[in-house]
Amino acid sequence: MGVGKGTAARAFSKKYATYIIDTDDLIESKENKEVKKIFAKYGEAYFREQEQTVANWIESSVQNTFISCGGGFYKVENLKKLGTVVWLDASFDWIHKRLKTAKNSEAKLAKRPLFSQEKEAKKLYKERKEAYKNLADVVVDVENLSMDEQIAFIAKKCKV
């Protein structure tokens with residue numbers, strides 16, 4: 001939901017020479033559409049089905065890879081089988097400020113269909129936060145760590 005999962009994954013991959021998969025990128029490639037257009041054309045339920053398909057493929061075909069997941073990916077039934085679950089934790093206000101003040105803020109906000117209405121996004125954030133907390137093997141407080149500190153912390157916790 002804009003916490004910086006993709007940014008952290010790319011930084012981790014570069015520093016530790018690991019492969020990276022972004023689940024949203026896989027879905028966009030398969031559907032030949034951006035996430036927001038998939039949501040608009042087919043709806044959220046369809047998108048979640050595609051996430052489950054990706055999770056099944058990852059479980060059966062992928063090893064030793066850093067996987068960056070969309071904010072709703074926590075709903076896939078086999079998430080814990082895919083590996084260590086790392087949660088990048090930040091407050092809603094911090095995420096919102098990050099998105100609004102980014103160099104390409106309009107594009108970042110437009111890319112997130114579930115973030116278009118602040119009130120609804122805040123409600124969704126609260127719902128997801130509890131689920132993330134329950135699923136996470138590793139919690140990273142991104143508000144108080146630089147990117148280098150975040151990826152070093154993840155590497156230490158995941159024994160990379």
# chains A, B, ... in the order shown; residues from 1 in each chain; ligands from 1
>>> select_by_dssp(residues="chain A", states="alpha helix (DSSP H)", output="number ranges by chain")
A: 5-16, 23-31, 35-42, 44-61, 92-101, 105-110, 118-135, 147-157
>>> atom_distance(atom1="CA of Glu127 in chain A", atom2="CA of Ala11 in chain A")
28.1 Å
>>> closest_residue(among="A:Ile58, A:Leu26, A:Val3, A:Ala155", to="Lys80 in chain A", atoms="only C-alpha atoms")
A:Ile58
>>> closest_atom_pairs(of="range 5-124 of chain A", to="range 145-152 of chain A", cutoff="10 Å", atoms="only C-alpha atoms", output="tab-separated table")
residue	atom	partner	partner_atom	distance
A:Thr7	CA	A:Met147	CA	8.6
A:Ala8	CA	A:Met147	CA	6.8
A:Ala9	CA	A:Ile151	CA	8.3
A:Arg10	CA	A:Ile151	CA	9.9
A:Ala11	CA	A:Ile151	CA	7.3
A:Phe12	CA	A:Ile151	CA	5.6
A:Ser13	CA	A:Ile151	CA	9.3
A:Lys15	CA	A:Ile151	CA	8.5
A:Tyr16	CA	A:Ile151	CA	9.2
A:Leu88	CA	A:Gln150	CA	8.8
>>> select_by_dssp(residues="chain A", states="strand (DSSP E or B)", output="ChimeraX atom specification")
/A:19-22,65-68,86-89,138-141
>>> write_last_selection(atoms="C-alpha atoms", output="short mmCIF file (atom, residue, chain, number, x, y, z; two decimals), in the first residue's frame")
data_model
loop_
_atom_site.label_atom_id
_atom_site.label_comp_id
_atom_site.auth_asym_id
_atom_site.auth_seq_id
_atom_site.Cartn_x
_atom_site.Cartn_y
_atom_site.Cartn_z
CA TYR A 19 16.70 -12.52 -7.74
CA ILE A 20 13.54 -10.51 -7.23
CA ILE A 21 9.96 -11.18 -8.28
CA ASP A 22 7.23 -8.58 -7.98
CA THR A 65 14.21 -15.38 -4.44
CA PHE A 66 13.10 -12.10 -2.86
CA ILE A 67 9.38 -11.69 -3.59
CA SER A 68 7.72 -8.29 -3.40
CA VAL A 86 8.71 -9.82 5.96
CA TRP A 87 6.37 -6.95 6.80
CA LEU A 88 7.51 -3.39 6.16
CA ASP A 89 5.58 -1.54 8.86
CA VAL A 138 9.96 -10.44 10.45
CA VAL A 139 8.75 -6.88 11.11
CA VAL A 140 10.73 -3.91 9.80
CA ASP A 141 9.89 -0.45 11.15
#
>>> closest_residue(among="A:Val76, A:Asn144, A:Leu82, A:Lys41", to="Ser61 in chain A", atoms="only C-alpha atoms")
A:Leu82
>>> residues_around(residues="Lys81 in chain A", least_positions_apart="5", cutoff="12 Å", atoms="only C-alpha atoms", output="PDB file with C-alpha atoms, in the first residue's frame")
ATOM      1  CA  ALA A  55       1.334 -17.751  -5.268  1.00  0.00           C
ATOM      2  CA  ASN A  56       0.740 -21.322  -6.452  1.00  0.00           C
ATOM      3  CA  TRP A  57       3.357 -20.894  -9.173  1.00  0.00           C
ATOM      4  CA  ILE A  58       5.867 -19.414  -6.712  1.00  0.00           C
ATOM      5  CA  GLU A  59       5.312 -22.290  -4.278  1.00  0.00           C
ATOM      6  CA  SER A  60       5.944 -24.926  -6.942  1.00  0.00           C
ATOM      7  CA  VAL A  62      10.622 -20.563  -7.178  1.00  0.00           C
ATOM      8  CA  GLN A  63      13.415 -20.839  -4.616  1.00  0.00           C
ATOM      9  CA  VAL A  76      -3.365 -16.086  -0.601  1.00  0.00           C
ATOM     10  CA  LEU A 135       1.371 -13.292   9.365  1.00  0.00           C
TER      11      LEU A 135
END
>>> closest_residue(among="A:Gly2, A:Phe73, A:Arg48, A:Ile154", to="Lys100 in chain A", atoms="only C-alpha atoms")
A:Gly2
>>> atom_distance(atom1="CA of Val160 in chain A", atom2="CA of Asp25 in chain A")
24.3 Å
>>> closest_residue(among="A:Thr23, A:Val85, A:Asn78, A:Gly71", to="Val54 in chain A", atoms="only C-alpha atoms")
A:Thr23
>>> closest_residue(among="A:Asn32, A:Lys122, A:Ala131, A:Lys159", to="Asn64 in chain A", atoms="only C-alpha atoms")
A:Lys159
